[in-house]
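J.: Below are the structure tokens for one structure; questions will follow.
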Amino acid sequence: MPTINCNTDDLYKLVGKRLDEKKLRELLDIAKAELESPYGKEIIVKYNDTNQPYLWSAEGLARLFRTHLGVDKKISAIKTTKTNDKVIFDRKLNNIRPYIACFKAVGHKIDEQLLKQLIQLQEKLADNFGRKRQKISIGVYPLKNIKFPLQCKAADPREEFTPLDFHEPITLRETLEKHPKGKEYGHLIKDNKLYPVFVDANKKILSLIPVINSEQTGRVKIGDDAILFDATGTDENAVNLVSNIFAYALAERGFEIQTLTIDYPGKKIQTPTLKTKTIKIKEEEINKLLGVNLKTKEIQALALKMGLSYSSNEFIIPSYRADIMHPVDIIEDIAIAYGYNNFEALPLTSYTIGAPLPYQHFIDSWRELFIGLENQEIMSAVLSNKELLYEKMNVKDTGTIEITNPISSTYSCIRTWILPTLLDFLSKNKHYDYPQKIFEQGIVSQRQKNNISDEQHLASVSSHMGATFTEIKQSIEFVLRSSGLSAAFEELEHNSFISGRAARIIVNKKEIGICGEIHPAVLEKFGIQMPTVGCEINLDNIYG
């Protein structure tokens with residue numbers, strides 16, 4: 001979770017009044033944050049939520065505090081000045097870093113506290129919201145040495161510029177190898193034939209995106225009174241959101257925000273966009289969900305406390321808030337402003353005693369039986385990846401639920417079976433003594449066209465020099481017999497198992513699972529050198 005540092009005098013100057021420690025903690029609670037450090041001249045604020053990046057600065061916190069305290073009697077909206085200056089976007093960047101937002105902020109001198117907040121907000125947004133610059137990167141430059149029009153273009157890695165804190169020019173490729181930021185973030189662009197750069201009309205490189213600014217044009221200092229802001233990334237909405245957050249922060253410091261035209265191939269966009277969003281909610285829906293009876297004026301006042309405006313069943317969402325995506329999000333804000341402690345508790349109308357479902361008793365009995373067979377139980381993540389589930393197992397995709405925008409390729413989909421995870425576990429524990437016998441019971445998910453089903457599976461593997469089909473068959477027969485069932489085994493051709501040494505498990509004429517000796521080609525992909533047998537059983541098919 002992100003944390004920020006604030007100078008209390010600077011924060012209270014932005015709020016318009018001083019706050020004692022108790023009041024500050026109450027207001028931070030509304031921001032889903034808490035005071036991490038002792039109350040003093042400098043405070044550290046820790047956020048317990050990552051979906052409100054507009055609050056990750058003294059300016060953002062002060063804006064929320066002002067509306068909640070009634071210092072602001074209406075929602076703040078910044079005015080922008082339109083300019084004829086533009087940024088020309090190179091179509092060659094469409095597959096590298098396809099979006100940009102820029103603006104100028106002029107007319108106010110940067111002091112020490114503002115500079116600290118600018119740097120901090122830039123780092124927090126790029127590292128947390130921007131996924132360490134993969135999704136979003138941010139640049140801030142003194143405007144005095146920059147000549148328009150600007151270009152965001154694809155450059156030859158052999159081009160030279162002087163990166164921040166260096167004194168001699170080096171190539172863009174060398175920057176990735178020699179500069180500390182290049183070593184940290186260079187992996188984001190090093191595999192491309194061309195590198196994204198920001199260039200002014202004098203052909204000076206302002207920055208190597210998303211790595212580092214130029215020494216000549218990229219160092220903002222105390223006393224500067226005009227700056228250029230840019231945000232680039234792979235998500236247009238996120239790029240515009242970050243631009244809007246910065247525009248509001250700088251406007252509240254006294255800067256005039258001047259728009260720039262982004263000249264994309266085939267279209268032109270003015271940034272910052274500052275587009276608001278409207279969501280309609282009937283008052284009875286708010287009252288029904290919260291269990292209260294709020295009148296129109298009360299809803300209006302509560303919305304204002306959270307930085308929203310309300311009229312005629314319509315809420316207007318400011319451009320710096322992307323956390324409100326559904327009417328329930330607005331109702332949550334109303335509840336926060338109302339105060340959770342002010343809701344009356346309802347009396348209990350029924351009394352029940354919790355107990356496991358009968359199905360859970362059945363599942364637990366199977367787990368105990370496998371433990372009795374000297375298997376060690378493991379617990380792994382439900383999320384997996386298609387390489388592990390299919391490629392390493394020599395099988396085709398059986399219908400996978402994939403994550404649209406995964407944080408890691410290792411966890412990019414929901415597992416469809418457990419056996420691959422057990423083999424992966426064995427591959428990471430080859431240094432331990434054999435035999436190694438493990439099992440796992442858990443949920444898997446299958447997609448068949450538009451239908452998704454969740455199933456409870458149990459899988460087991462045994463790895464040692466004497467592992468054979470007979471061993472796994474006898475284990476399954478023992479567990480079924482202990483459950484009052486008997487099984488038949490039908491020959492199965494399956495690419496994960498050795499031909500002729502695999503079988504379907506049939507109970508009451510219904511297939512409940514598969515078992516067999518793992519194919520040497522599969523073992524080789526996992527780096528397992530011992531013969532290994534395994535099974536996977538669908539417990540739903542037995543209990544149902």
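The chains in the structure tokens are called A, B, ... from first to last as shown; in each chain the residues are counted from 1, and the ligands are counted from 1 in the order shown.
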Write out as a PyMOL selection string which residues come within 9 Å of Pro142 in chain A when counting only C-alpha atoms, dropping same-chain ones fewer than 5 positions away.
T.: chain A and resi 217-221+224-228
J.: Find the residues around Val15 in chain A up to 10 Å (only C-alpha atoms counted), leave out those fewer than 3 positions away in its own chain, and share them as a PyMOL selection string.
T.: chain A and resi 9-12+18-19+58-59+61-67+69+71-72
J.: Identify, on the basis of only C-alpha atoms, every residue whose closest approach to Thr81 in chain A does not exceed 12 Å; exclude the query and any residue fewer than 3 positions from it along the same chain; express the result as a list in words.
T.: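 Close residues of Thr81 in chain A: Ile78, Asn84, Asp85, Phe103, Lys104, Ala105, Val106, Ala251, Phe255, Glu256, Ile257, Gln258, Thr259, Leu260, Thr261, Gln270, Thr271 and Pro272 of chain A.
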J.: Grab the residues selected above and save them as a PDB file, in the first residue's frame with C-alpha atoms.
T.:
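Output file out.pdb is given in full below:
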ATOM      1  CA  ILE A  78     -10.184  24.316 -12.598  1.00  0.00           C
ATOM      2  CA  ASN A  84      -1.840  26.675 -30.064  1.00  0.00           C
ATOM      3  CA  ASP A  85       1.145  24.602 -28.972  1.00  0.00           C
ATOM      4  CA  PHE A 103       0.009  20.466 -20.465  1.00  0.00           C
ATOM      5  CA  LYS A 104       1.846  23.578 -19.322  1.00  0.00           C
ATOM      6  CA  ALA A 105       1.583  25.009 -15.788  1.00  0.00           C
ATOM      7  CA  VAL A 106       2.698  28.651 -15.445  1.00  0.00           C
ATOM      8  CA  ALA A 251      -3.908  24.505 -10.140  1.00  0.00           C
ATOM      9  CA  PHE A 255      -0.579  27.602 -11.410  1.00  0.00           C
ATOM     10  CA  GLU A 256      -2.451  28.465 -14.582  1.00  0.00           C
ATOM     11  CA  ILE A 257      -3.042  25.273 -16.558  1.00  0.00           C
ATOM     12  CA  GLN A 258      -2.509  25.647 -20.312  1.00  0.00           C
ATOM     13  CA  THR A 259      -3.683  22.902 -22.629  1.00  0.00           C
ATOM     14  CA  LEU A 260      -1.643  21.298 -25.395  1.00  0.00           C
ATOM     15  CA  THR A 261      -2.931  19.586 -28.516  1.00  0.00           C
ATOM     16  CA  GLN A 270      -6.708  18.599 -26.096  1.00  0.00           C
ATOM     17  CA  THR A 271      -5.093  17.622 -22.788  1.00  0.00           C
ATOM     18  CA  PRO A 272      -5.663  17.652 -19.909  1.00  0.00           C
TER      19      PRO A 272
END
J.: Just checking: using only C-alpha atoms, which residue out of A:Asp230, A:Glu34, A:Gly266, A:Ile331 ends up closest to Lys288 in chain A?
T.: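 Under the stated criterion, the closest residue is A:Ile331.
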J.: Quick one: of A:Pro157, A:Gly466, A:Pro356, A:Gly130, who's nearest to Ala231 in chain A, counting only C-alpha atoms?
T.: A:Gly130
J.: DSSP on the backbone, then: every residue of range 108-154 of chain A marked strand (DSSP E or B), written as a PyMOL selection string.
T.: chain A and resi 136-142+150-154
J.: Kindly save the residues from that selection, with C-alpha atoms included, as an mmCIF file, in the first residue's frame.
T.:
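The file below, result-v7.cif, is the result:
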data_model
loop_
_atom_site.group_PDB
_atom_site.id
_atom_site.type_symbol
_atom_site.label_atom_id
_atom_site.label_comp_id
_atom_site.auth_asym_id
_atom_site.auth_seq_id
_atom_site.Cartn_x
_atom_site.Cartn_y
_atom_site.Cartn_z
ATOM 1 C CA ILE A 136 2.211 4.855 -16.931
ATOM 2 C CA SER A 137 5.329 7.021 -16.780
ATOM 3 C CA ILE A 138 5.486 10.727 -15.948
ATOM 4 C CA GLY A 139 7.803 13.568 -16.899
ATOM 5 C CA VAL A 140 8.056 17.093 -15.454
ATOM 6 C CA TYR A 141 10.346 19.688 -17.102
ATOM 7 C CA PRO A 142 11.202 23.391 -16.670
ATOM 8 C CA LEU A 150 7.193 18.954 -29.435
ATOM 9 C CA GLN A 151 7.448 15.438 -30.777
ATOM 10 C CA CYS A 152 6.855 12.117 -29.088
ATOM 11 C CA LYS A 153 8.679 9.871 -31.507
ATOM 12 C CA ALA A 154 10.458 6.577 -32.065
#
J.: Taking into account only C-alpha atoms, which residue in the set A:Phe370, A:Phe343, A:Met306, A:Cys535 is nearest to Ile418 in chain A?
T.: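 So, comparing all the options, the nearest one is A:Cys535.
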J.: Using DSSP secondary structure from the backbone, list all helix (DSSP H, G or I) positions within range 237-329 of chain A, as a ChimeraX atom specification.
T.: /A:237-252,283-290,296-305,327-329
J.: Distance CA of Val533 in chain A-CA of Val461 in chain A, one decimal place?
T.: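 Here the two named atoms are 5.5 Å from each other.
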J.: Could you pull the residues within 12 Å of Pro98 in chain A, counting only C-alpha atoms, minus those fewer than 6 positions along the same chain, as a PyMOL selection string?
T.: chain A and resi 89-92+135-136+152-154+196+209+231-237+239+262+264-265
J.: With N, CA and C atoms retained, write the just-selected residues as a PDB file, in the first residue's frame.
T.:
ATOM      1  N   PHE A  89       2.610  13.214 -32.415  1.00  0.00           N
ATOM      2  CA  PHE A  89       2.813  11.824 -31.988  1.00  0.00           C
ATOM      3  C   PHE A  89       3.176  10.952 -33.182  1.00  0.00           C
ATOM      4  N   ASP A  90       4.240  10.194 -33.017  1.00  0.00           N
ATOM      5  CA  ASP A  90       4.759   9.328 -34.073  1.00  0.00           C
ATOM      6  C   ASP A  90       3.976   8.012 -34.109  1.00  0.00           C
ATOM      7  N   ARG A  91       3.412   7.674 -35.280  1.00  0.00           N
ATOM      8  CA  ARG A  91       2.633   6.444 -35.396  1.00  0.00           C
ATOM      9  C   ARG A  91       3.482   5.201 -35.128  1.00  0.00           C
ATOM     10  N   LYS A  92       4.804   5.314 -35.210  1.00  0.00           N
ATOM     11  CA  LYS A  92       5.672   4.165 -34.946  1.00  0.00           C
ATOM     12  C   LYS A  92       5.630   3.736 -33.481  1.00  0.00           C
ATOM     13  N   LYS A 135       2.801   0.679 -17.143  1.00  0.00           N
ATOM     14  CA  LYS A 135       1.508   1.165 -17.623  1.00  0.00           C
ATOM     15  C   LYS A 135       1.526   2.678 -17.826  1.00  0.00           C
ATOM     16  N   ILE A 136       2.166   3.394 -16.904  1.00  0.00           N
ATOM     17  CA  ILE A 136       2.211   4.855 -16.931  1.00  0.00           C
ATOM     18  C   ILE A 136       3.601   5.322 -16.522  1.00  0.00           C
ATOM     19  N   CYS A 152       6.682  13.384 -29.796  1.00  0.00           N
ATOM     20  CA  CYS A 152       6.855  12.117 -29.088  1.00  0.00           C
ATOM     21  C   CYS A 152       7.105  11.095 -30.192  1.00  0.00           C
ATOM     22  N   LYS A 153       8.336  10.646 -30.316  1.00  0.00           N
ATOM     23  CA  LYS A 153       8.679   9.871 -31.507  1.00  0.00           C
ATOM     24  C   LYS A 153       9.495   8.637 -31.171  1.00  0.00           C
ATOM     25  N   ALA A 154       9.625   7.774 -32.175  1.00  0.00           N
ATOM     26  CA  ALA A 154      10.458   6.577 -32.065  1.00  0.00           C
ATOM     27  C   ALA A 154      11.842   6.918 -32.589  1.00  0.00           C
ATOM     28  N   PRO A 196      11.161   5.076 -27.482  1.00  0.00           N
ATOM     29  CA  PRO A 196      10.332   6.287 -27.410  1.00  0.00           C
ATOM     30  C   PRO A 196      11.084   7.439 -26.736  1.00  0.00           C
ATOM     31  N   ILE A 209      11.746   7.897 -22.787  1.00  0.00           N
ATOM     32  CA  ILE A 209      10.525   7.394 -22.133  1.00  0.00           C
ATOM     33  C   ILE A 209      10.597   5.867 -22.035  1.00  0.00           C
ATOM     34  N   ALA A 231       2.509  12.655 -19.473  1.00  0.00           N
ATOM     35  CA  ALA A 231       2.281  11.278 -19.022  1.00  0.00           C
ATOM     36  C   ALA A 231       2.138  10.423 -20.265  1.00  0.00           C
ATOM     37  N   THR A 232       2.879   9.343 -20.323  1.00  0.00           N
ATOM     38  CA  THR A 232       2.786   8.412 -21.445  1.00  0.00           C
ATOM     39  C   THR A 232       2.461   7.029 -20.911  1.00  0.00           C
ATOM     40  N   GLY A 233       1.881   6.195 -21.770  1.00  0.00           N
ATOM     41  CA  GLY A 233       1.569   4.853 -21.293  1.00  0.00           C
ATOM     42  C   GLY A 233       0.844   4.014 -22.304  1.00  0.00           C
ATOM     43  N   THR A 234       0.376   2.877 -21.820  1.00  0.00           N
ATOM     44  CA  THR A 234      -0.291   1.886 -22.664  1.00  0.00           C
ATOM     45  C   THR A 234      -1.804   1.886 -22.485  1.00  0.00           C
ATOM     46  N   ASP A 235      -2.314   2.710 -21.561  1.00  0.00           N
ATOM     47  CA  ASP A 235      -3.748   2.776 -21.271  1.00  0.00           C
ATOM     48  C   ASP A 235      -4.178   4.236 -21.366  1.00  0.00           C
ATOM     49  N   GLU A 236      -5.015   4.556 -22.367  1.00  0.00           N
ATOM     50  CA  GLU A 236      -5.387   5.947 -22.614  1.00  0.00           C
ATOM     51  C   GLU A 236      -6.130   6.554 -21.433  1.00  0.00           C
ATOM     52  N   ASN A 237      -7.058   5.822 -20.843  1.00  0.00           N
ATOM     53  CA  ASN A 237      -7.820   6.349 -19.710  1.00  0.00           C
ATOM     54  C   ASN A 237      -6.910   6.636 -18.519  1.00  0.00           C
ATOM     55  N   VAL A 239      -3.654   7.291 -18.638  1.00  0.00           N
ATOM     56  CA  VAL A 239      -2.802   8.429 -18.986  1.00  0.00           C
ATOM     57  C   VAL A 239      -3.546   9.738 -18.726  1.00  0.00           C
ATOM     58  N   ILE A 262      -2.569  17.187 -28.610  1.00  0.00           N
ATOM     59  CA  ILE A 262      -1.851  15.978 -28.997  1.00  0.00           C
ATOM     60  C   ILE A 262      -2.260  15.650 -30.429  1.00  0.00           C
ATOM     61  N   TYR A 264      -2.261  13.189 -32.842  1.00  0.00           N
ATOM     62  CA  TYR A 264      -2.138  11.785 -33.215  1.00  0.00           C
ATOM     63  C   TYR A 264      -2.374  11.631 -34.715  1.00  0.00           C
ATOM     64  N   PRO A 265      -1.864  10.568 -35.335  1.00  0.00           N
ATOM     65  CA  PRO A 265      -2.207  10.306 -36.735  1.00  0.00           C
ATOM     66  C   PRO A 265      -3.715  10.109 -36.888  1.00  0.00           C
TER      67      PRO A 265
END
J.: Determine, counting only C-alpha atoms, which protein, DNA and RNA residues have an atom within 6 Å of an atom of Gln456 in chain A; residues of the same chain fewer than 2 positions away are not included. Present the result as a PDB file with N, CA and C atoms, in the first residue's frame.
T.:
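Result file follows (part09.pdb):
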ATOM      1  N   GLY A 442      -8.739 -28.781  -4.021  1.00  0.00           N
ATOM      2  CA  GLY A 442      -9.133 -27.388  -4.195  1.00  0.00           C
ATOM      3  C   GLY A 442     -10.027 -27.201  -5.397  1.00  0.00           C
ATOM      4  N   ILE A 443     -10.323 -25.939  -5.662  1.00  0.00           N
ATOM      5  CA  ILE A 443     -11.261 -25.597  -6.726  1.00  0.00           C
ATOM      6  C   ILE A 443     -10.531 -25.371  -8.040  1.00  0.00           C
ATOM      7  N   LEU A 539     -14.223 -34.495  -7.398  1.00  0.00           N
ATOM      8  CA  LEU A 539     -15.017 -34.903  -6.243  1.00  0.00           C
ATOM      9  C   LEU A 539     -16.504 -34.606  -6.438  1.00  0.00           C
ATOM     10  N   ASP A 540     -16.816 -33.589  -7.245  1.00  0.00           N
ATOM     11  CA  ASP A 540     -18.224 -33.278  -7.510  1.00  0.00           C
ATOM     12  C   ASP A 540     -18.934 -34.453  -8.173  1.00  0.00           C
TER      13      ASP A 540
END
